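The structure appears below as structure tokens.
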Protein chains: 4
Amino acid sequence: MIEICQFGAGRIGRMHAENLARHPAYRLRYVVDVHEPAARAVAEATGAAVASTEQALADPAVGAVLIASSTDTHADLIEAAARAGKAILCEKPIDLSRARVDACLALAHEAGVPLMVGFNRRFDGNFGALKRALEEGRIGRLELVSITSRDPGPPPAAYIEVSGGLYRDMMIHDFDLARWLLGEEPVEVFAAGSCLVEPEIGRLGDVDTALVILRTGSGRLCQISCSRRASYGYDQRLEVHGSKGMARAENVRLSSVEIADEAGWHGEKPPHFFIERYAAAYRAELDHFAACVQEGKPPSPSGEDGRRALALADAAVESLRTGRAVAPV
Amino acid sequence: MIEICQFGAGRIGRMHAENLARHPAYRLRYVVDVHEPAARAVAEATGAAVASTEQALADPAVGAVLIASSTDTHADLIEAAARAGKAILCEKPIDLSRARVDACLALAHEAGVPLMVGFNRRFDGNFGALKRALEEGRIGRLELVSITSRDPGPPPAAYIEVSGGLYRDMMIHDFDLARWLLGEEPVEVFAAGSCLVEPEIGRLGDVDTALVILRTGSGRLCQISCSRRASYGYDQRLEVHGSKGMARAENVRLSSVEIADEAGWHGEKPPHFFIERYAAAYRAELDHFAACVQEGKPPSPSGEDGRRALALADAAVESLRTGRAVAPV
Amino acid sequence: MIEICQFGAGRIGRMHAENLARHPAYRLRYVVDVHEPAARAVAEATGAAVASTEQALADPAVGAVLIASSTDTHADLIEAAARAGKAILCEKPIDLSRARVDACLALAHEAGVPLMVGFNRRFDGNFGALKRALEEGRIGRLELVSITSRDPGPPPAAYIEVSGGLYRDMMIHDFDLARWLLGEEPVEVFAAGSCLVEPEIGRLGDVDTALVILRTGSGRLCQISCSRRASYGYDQRLEVHGSKGMARAENVRLSSVEIADEAGWHGEKPPHFFIERYAAAYRAELDHFAACVQEGKPPSPSGEDGRRALALADAAVESLRTGRAVAPV
Amino acid sequence: MIEICQFGAGRIGRMHAENLARHPAYRLRYVVDVHEPAARAVAEATGAAVASTEQALADPAVGAVLIASSTDTHADLIEAAARAGKAILCEKPIDLSRARVDACLALAHEAGVPLMVGFNRRFDGNFGALKRALEEGRIGRLELVSITSRDPGPPPAAYIEVSGGLYRDMMIHDFDLARWLLGEEPVEVFAAGSCLVEPEIGRLGDVDTALVILRTGSGRLCQISCSRRASYGYDQRLEVHGSKGMARAENVRLSSVEIADEAGWHGEKPPHFFIERYAAAYRAELDHFAACVQEGKPPSPSGEDGRRALALADAAVESLRTGRAVAPV
């Protein structure tokens with residue numbers, strides 16, 4: 001049984017806490033949040049105790065932490081947890097500053113604690129089946145990856161302001177999937193973007209509709225299409241092409257029901273957003289983290305995966321500014 | 001919290017026990033099975049105690065029972081549980097003898113205990129969405145129901161022998177769905193059947209491939225197609241036609257992945273069998289039973305629903321024998 | 001080049017005439033219709049001449065006739081054409097009287113002229129692909145056939161009155177497809193039917209919603225579902241089950257376009273009715289008839305196929321009346 | 001009746017000639033090809049005469065020409081036909097040199113003859129339905145276009161050598177579709193490409209796998225994905241996103257048949273290549289050209305559309321060379 005402390009009691013924090021509480025491998029011991037009523041509500045719902053960061057990390061019974069607080073607190077918590085010798089599962093991104101990310105990775109390495117980054121989509125059953133088909137050679141030698149990723153609607157301006165922008169906040173998941181599927185590091189990033197959905201996003205210097213092209217050393221190509229809006233629901237699709245064929249993971253739908261009437265055929269929308277769409281993936285992510293903590297398996301996605309996805313996002317931002325293909329560093 | 005006793009620790013019993021153990025509304029107190037090692041294994045996995053029928057029913061803390069033992073024990077257990085004042089959730093069928101079913105229903109009624117029958121398919125999310133579309137008038141006035149229900153492969157001969165035959169053992173689920181969707185009682189049953197899959201089934205006097213037509217008082221029609229074999233996986237589909245259109249619930253698939261290659265397009269099979277296909281439905285069934293026990297909601301499907309589905313199965317058997325449309329009694 | 005005379009210049013006659021006019025193997029010489037303006041319009045559009053039945057059949061240059069006039073004229077025209085030694089393609093049904101059908105078949109046989117019946121669906125590319133899959137053993141040994149056949153809306157009462165009723169007029173196509181797919185003769189027919197769509201149809205003693213079960217000598221089963229109404233368009237589907245799997249031909253759609261919006265996913269309807277849905281099939285039917293005339297290939301579907309489909313329809317009518325399974329004679 | 005002369009009797013030329021011969025608005029008078037046996041074969045199959053360019057253009061009865069000879073002859077033939085006052089339908093591209101294209105357009109303008117370019121895909125029924133949905137506002141204000149276009153296999157090296165490269169030869173169709181759907185001119189082109197399919201293509205300095213991003217003045221985005229290989233058949237898909245939803249035109253399939261067996265679900269491939277996939281589109285293209293000639297309708301796609309698609313292709317080539325976004329000129 002892994003005694004674990006959850007940082008962050010917001011929407012995604014609550015979901016993680018409930019998953020931890022029901023998971024046979026974990027005992028959720030503490031919930032920490034600067035907003036105490038939120039921490040208390042989650043603690044009550046899950047049978048955990050409310051604690052401060054210091055109390056939680058000082059407790060030797062605690063073996064692991066799950067960091068799902070706001071982005072600007074991630075690096076501090078990673079460092080404190082690493083110093084206290086706790087295994088770490090941290091929501092993306094580790095930090096918006098690459099120097100700070102490097103520091104966190106170095107510290108976790110020194111402390112000898114596993115550091116896993118919450119790229120939940122790798123644990124989706126459909127994407128996993130696609131990856132397996134690829135690995136089994138069902139489509140031959142990989143040539144091209146195409147990722148479509150559209151949120152149901154834009155977040156509030158206050159969130160956009162501290163988010164690091166679309167490429168670092170939203171497309172970072174797609175950069176991780178691209179690396180995971182390409183099986184090679186991209187050496188060239190080209191980005192185009194527009195503000196078409198919400199003018200306020202443009203005023204904040206960000207884009208809400210974006211296309212990216214990646215190219216790997218051996219010439220494999222990847223296109224990513226992102227938008228902050230999809231009125232028909234959370235659009236999450238992968239498509240891969242190889243020398244012998246193609247494989248794609250289409251959207252899942254709320255049910256298998258189809259209705260036909262005078263206006264044509266009608267099917268259901270995809271689940272609303274990430275909490276609903278990736279419910280099972282978030283649980284499977286915890287399974288993997290437990291195996292890392294209990295069996296010493298190296299975490300995947302690792303802190304390094306987090307760093308590389310951020311490097312691609314930074315390269316995209318630079319490409320958008322300069323109109324040039326940029327090599328990630 | 002409902003303290004509950006589980007009868008039966010076979011495949012479906014184990015699944016129910018695990019669902020009960022994880023369900024917030026239940027505390028699984030006892031597991032009962034004539035085969036003690038099975039009972040012990042399930043008890044250990046779920047934190048319950050092994051008990052005899054007498055011990056379990058004598059415990060005043062126990063408020064409810066879930067009967068998932070072999071069919072020939074159902075009626076005895078229902079009667080014993082009713083006498084002990086326990087709420088009852090019983091796997092289908094209540095019994096193969098209609099007289100015995102009537103006796104069970106009468107006793108439960110007298111004892112004032114809720115009696116629910118485990119027609120799990122009513123709790124499937126896809127079928128539920130279809131039923132809602134129907135109730136919301138999306139396809140107008142209902143005219144015709146079409147049900148396809150095929151098992152992945154035939155059960156062993158030993159099971160067939162005591163099963164009551166395809167209509168009472170397998171198609172009884174479809175009779176229940178038919179009644180649920182038709183919204184009216186069938187007044188005429190016509191059955192055709194063949195032994196095409198497994199000759200041993202024919203030697204036992206049963207069929208393995210069967211078609212049925214139902215007709216209600218107002219003239220609504222229903223066709224049911226069943227087989228003991230579907231090499232492509234458990235085939236579970238509903239289709240309803242009304243004055244304004246049609247709705248159908250297609251099979252679910254193991255993942256949304258499609259592969260295209262020189263041979264064409266390929267998609268995944270449906271889940272293997274009922275345990276996998278109806279995993280969520282079995283949990284939702286427990287939600288409803290909890291609401292019946294805790295809030296006094298009348299159970300649906302009820303014991304009466306169990307009786308009527310069996311009456312349709314009996315009429316089908318009679319029709320198969322005589323080559324005539326038969327009115328269920 | 002086959003010089004051909006077209007009988008009937010109504011909706012389906014006009015379509016046949018236009019197909020004949022554009023077909024490289026035919027020269028459409030005459031159009032015959034009791035309603036002269038209709039004959040003239042079709043003749044002008046196709047470059048043919050208007051003629052009387054006698055004139056057309058007396059012309060020794062005419063080698064073949066296509067009979068698409070009203071049902072009550074079919075038998076007379078078949079007999080006259082056979083006597084004149086012309087090859088015959090006749091729309092279904094040959095006649096509503098089985099005695100008369102037998103007489104037509106006998107006369108055509110004596111005269112040594114090919115007699116083909118216009119069961120156009122056998123020539124549909126999708127159904128053809130399904131049949132080929134079956135013949136290639138893709139689903140193993142055939143066990144069960146399921147046919148869905150729904151018209152977009154009921155015909156006028158005047159048509160119903162002389163149609164011979166739903167089983168002989170509409171379901172006769174499905175009986176032919178059933179025989180074609182089953183590969184064996186049905187020995188038992190059970191029919192159920194209701195008037196749910198148009199009360200006037202009921203007043204005329206007919207049904208508008210109907211289910212039929214067929215059983216062959218070896219036990220193969222078939223279910224047919226027909227309705228005079230499908231608000232979502234002409235519904236034409238086949239499904240076959242065998243020892244190794246299933247194959248189905250789904251409806252075709254007006255285009256491959258799908259739209260997703262706040263209300264869900266939307267696809268297009270099927271083509272409106274038989275003229276649109278089976279446009280290519282009607283042309284392929286003419287290819288086959290040309291091969292029969294020019295190369296002496298036996299026509300398929302033959303007059304005998306027309307007789308047997310009618311026998312199944314008659315058995316269905318008898319079954320509906322008696323509530324019993326009926327053997328076709 | 002438009003008396004027309006067909007230049008080119010190769011694969012696509014033969015198809016055009018057969019369509020012209022069957023089209024009610026045209027009379028195919030001459031077939032011209034440097035390879036006389038090819039010209040003769042097509043002439044015989046269509047009832048046309050073989051002629052030289054000079055003979056054909058000198059005949060005052062000839063009102064129009066269809067140019068489907070090799071690319072390097074297009075500009076000369078356009079100029080000669082324009083001088084002779086003939087209406088012109090020319091296969092893409094007009095020429096690989098933009099200066100020469102400008103000269104052709106100027107000459108056709110001066111001569112007052114209609115000049116239409118054979119971007120056949122605009123006439124596909126599925127793409128037309130998508131375009132109509134867009135124009136009817138079904139998905140709101142357009143934001144993003146995604147085009148997938150993959151040939152079944154690479155052409156021979158000899159063809160690649162004179163083709164102008166993937167962007168000018170193959171993706172030019174997609175550039176035209178992009179402009180047609182975007183409703184605005186792209187102001188920025190970014191291209192990435194690799195040689196992954198056929199090393200010989202790389203040795204010739206070309207790519208076989210390519211991604212492009214376009215950006216219009218108002219910020220609309222477009223991604224195009226092309227490959228010289230798709231082992232599963234000719235892959236031709238469009239997807240458009242707007243403020244209220246998305247629309248896509250999926251691939252068409254050889255039939256609607258699906259087979260399910262132990263290995264899963266299987267559907268048919270798309271038609272093999274452009275001749276099969278766009279058979280109806282090529283005929284509809286001739287309808288439009290006839291309306292231009294007979295009713296003075298301006299041709300669409302016009303010569304100017306041909307010029308602009310080539311400008312985008314040239315910009316893509318420049319972008320691939322420089323790694324920069326390039327403005328088309």
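Following the order of the structure tokens, first chain is A, next is B, and so on, with residues numbered from 1 inside each chain and ligands from 1 in the order they appear.
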So which residues touch range 318-322 of chain B within 9 Å, counting only C-alpha atoms, skipping near sequence neighbours fewer than 3 positions away, as a PDB file with C-alpha atoms, in the first residue's frame?
```
ATOM      1  CA  VAL B 189     -45.661 -15.521 -29.904  1.00  0.00           C
ATOM      2  CA  PHE B 190     -44.348 -17.422 -32.900  1.00  0.00           C
ATOM      3  CA  ALA B 191     -41.079 -19.317 -32.723  1.00  0.00           C
ATOM      4  CA  ALA B 192     -38.842 -21.068 -35.223  1.00  0.00           C
ATOM      5  CA  GLY B 193     -35.620 -22.813 -34.316  1.00  0.00           C
ATOM      6  CA  ALA B 313     -40.388 -18.184 -23.294  1.00  0.00           C
ATOM      7  CA  ASP B 314     -42.911 -20.896 -22.457  1.00  0.00           C
ATOM      8  CA  ALA B 315     -45.169 -19.697 -25.272  1.00  0.00           C
ATOM      9  CA  ALA B 325     -48.758 -18.622 -32.923  1.00  0.00           C
ATOM     10  CA  VAL B 326     -49.338 -19.018 -29.174  1.00  0.00           C
TER      11      VAL B 326
ATOM     12  CA  ARG C 324     -49.867 -21.285 -38.558  1.00  0.00           C
TER      13      ARG C 324
END
```
Compile a residue-level contact table for chain B against chain A at a cut-off of 9 Å, reporting for every qualifying residue the shortest atom pair and its distance in Å to one decimal, with only C-alpha atoms counted, rows ordered by chain and ascending number, as a tab-separated table.
```
residue	atom	partner	partner_atom	distance
B:Arg22	CA	A:Arg22	CA	7.9
B:Gly125	CA	A:Ser255	CA	6.8
B:Asn126	CA	A:Ser255	CA	5.0
B:Phe127	CA	A:Val257	CA	7.8
B:Ala129	CA	A:Val257	CA	6.8
B:Leu130	CA	A:Val257	CA	6.1
B:Ala133	CA	A:Ile259	CA	8.4
B:Arg138	CA	A:Ile259	CA	8.0
B:Ile139	CA	A:Asp261	CA	7.2
B:Lys244	CA	A:Asp261	CA	6.2
B:Gly245	CA	A:Asp261	CA	4.4
B:Met246	CA	A:Ala260	CA	5.2
B:Ala247	CA	A:Ile259	CA	4.2
B:Arg248	CA	A:Glu258	CA	5.4
B:Ala249	CA	A:Val257	CA	4.3
B:Glu250	CA	A:Ser256	CA	5.5
B:Asn251	CA	A:Ser256	CA	7.0
B:Val252	CA	A:Ser256	CA	6.6
B:Leu254	CA	A:Asn126	CA	8.3
B:Ser255	CA	A:Asn126	CA	5.0
B:Ser256	CA	A:Ala249	CA	5.3
B:Val257	CA	A:Ala249	CA	4.3
B:Glu258	CA	A:Arg248	CA	5.4
B:Ile259	CA	A:Ala247	CA	4.2
B:Ala260	CA	A:Met246	CA	5.2
B:Asp261	CA	A:Gly245	CA	4.4
B:Glu262	CA	A:Gly245	CA	7.2
```
* Asked: Just asking: which residues within range 22-264 of chain A are strand (DSSP E) according to DSSP, as a ChimeraX atom specification?
  -> /A:26-32,49-50,64-67,87-90,115-117,142-150,186-194,209-216,221-227,235-242,245-249,257-261,264
* To do: Take CA of Arg27 in chain C and CA of Thr46 in chain D and report the distance between them in Å, one decimal.
  =>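 That distance, rounded to one decimal, is 17.6 Å.
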Long-range neighbours of range 170-180 of chain D as a tab-separated table (two decimals) with N, CA and C atoms, in the first residue's frame, 7 Å cut-off, only C-alpha atoms, 2 positions minimum in chain:
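Okay, out-v4.tsv is ready:
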```
chain	number	residue	atom	x	y	z
D	119	PHE	N	-9.60	20.78	-62.80
D	119	PHE	CA	-9.52	20.37	-61.39
D	119	PHE	C	-10.79	19.58	-61.09
D	122	ARG	N	-13.39	19.28	-57.74
D	122	ARG	CA	-14.48	20.20	-57.40
D	122	ARG	C	-15.83	19.64	-57.82
D	147	ILE	N	-6.90	18.62	-45.50
D	147	ILE	CA	-7.01	17.82	-46.72
D	147	ILE	C	-6.04	16.64	-46.66
D	166	LEU	N	6.27	16.77	-56.62
D	166	LEU	CA	5.01	16.47	-55.91
D	166	LEU	C	4.11	17.69	-55.73
D	167	TYR	N	4.68	18.83	-55.36
D	167	TYR	CA	3.81	19.98	-55.06
D	167	TYR	C	3.10	20.49	-56.30
D	168	ARG	N	3.82	20.51	-57.47
D	168	ARG	CA	3.20	21.06	-58.68
D	168	ARG	C	2.38	20.01	-59.43
D	182	LEU	N	-11.47	27.54	-48.64
D	182	LEU	CA	-11.09	28.64	-47.74
D	182	LEU	C	-11.87	29.91	-48.07
D	183	GLY	N	-12.18	30.10	-49.34
D	183	GLY	CA	-12.91	31.30	-49.72
D	183	GLY	C	-12.07	32.56	-49.60
D	184	GLU	N	-10.78	32.41	-49.44
D	184	GLU	CA	-9.84	33.53	-49.31
D	184	GLU	C	-8.50	33.06	-49.86
D	185	GLU	N	-7.68	34.00	-50.27
D	185	GLU	CA	-6.37	33.60	-50.79
D	185	GLU	C	-5.38	33.36	-49.65
D	226	CYS	N	0.00	14.85	-48.05
D	226	CYS	CA	0.07	14.09	-49.30
D	226	CYS	C	1.10	12.99	-49.22
D	309	ALA	N	-3.22	28.14	-58.15
D	309	ALA	CA	-2.82	26.86	-57.54
D	309	ALA	C	-1.33	26.62	-57.80
D	310	LEU	N	-0.89	26.97	-59.01
D	310	LEU	CA	0.53	26.80	-59.32
D	310	LEU	C	1.39	27.74	-58.48
D	312	LEU	N	0.82	28.65	-55.47
D	312	LEU	CA	0.93	28.03	-54.15
D	312	LEU	C	1.95	26.89	-54.19
D	313	ALA	N	1.93	26.12	-55.27
D	313	ALA	CA	2.89	25.02	-55.40
D	313	ALA	C	4.32	25.57	-55.47
```
* To do: Just give me the gap between CA of Asn120 in chain C and CA of Asp59 in chain C in Å, one decimal is fine.
  => 28.1 Å
* To do: From a DSSP pass on the backbone, collect the residues of range 106-267 of chain B flagged as alpha helix (DSSP H) and hand them back as a PyMOL selection string.
  => chain B and resi 106-111+125-135+157-163+166-169+171-182+199-203
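Residues in contact range of range 84-89 of chain B, defined as at most 6 Å between only C-alpha atoms, with sequence neighbours fewer than 2 positions away removed, read Gly63, Ala64, Val65, Leu66, Ala81, Ala82, Val113, Pro114, Leu115, Met116 and Val117 of chain B.
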* To do: Might you pull out every residue within 8 Å of His288 in chain A, with only C-alpha atoms counted and same-chain residues fewer than 4 positions away left off, and present them as a list in words?
  => Ala284, Cys292 and Pro299 of chain A
Residues within 8 Å of Lys92 in chain C, please, as a short mmCIF file (atom, residue, chain, number, x, y, z; two decimals) with C-alpha atoms, in the first residue's frame. Count only C-alpha atoms; anything in the same chain fewer than 2 positions from it doesn't count.
```cif
data_model
loop_
_atom_site.label_atom_id
_atom_site.label_comp_id
_atom_site.auth_asym_id
_atom_site.auth_seq_id
_atom_site.Cartn_x
_atom_site.Cartn_y
_atom_site.Cartn_z
CA THR C 71 -49.36 -5.94 -63.27
CA CYS C 90 -40.85 -8.86 -67.28
CA ILE C 94 -45.62 -12.33 -63.60
CA ASP C 95 -49.21 -12.47 -62.36
CA VAL C 117 -38.15 -11.63 -64.14
CA GLY C 118 -37.07 -8.14 -63.01
CA PHE C 119 -35.89 -8.85 -59.50
CA GLY C 306 -40.76 -15.51 -60.16
#
```
* For CA of Ser146 in chain B and CA of Asp169 in chain B, quote the distance in Å rounded to one decimal. =>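 Computing the Euclidean distance for CA of Ser146 in chain B and CA of Asp169 in chain B yields 19.3 Å.
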* Would you mind telling me which residue in C:Glu304, C:Asp72, C:Asp235, C:Asp33 lies nearest to Arg277 in chain C when using only C-alpha atoms? =>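 That would be C:Asp235, the residue with the smallest distance to Arg277 in chain C.
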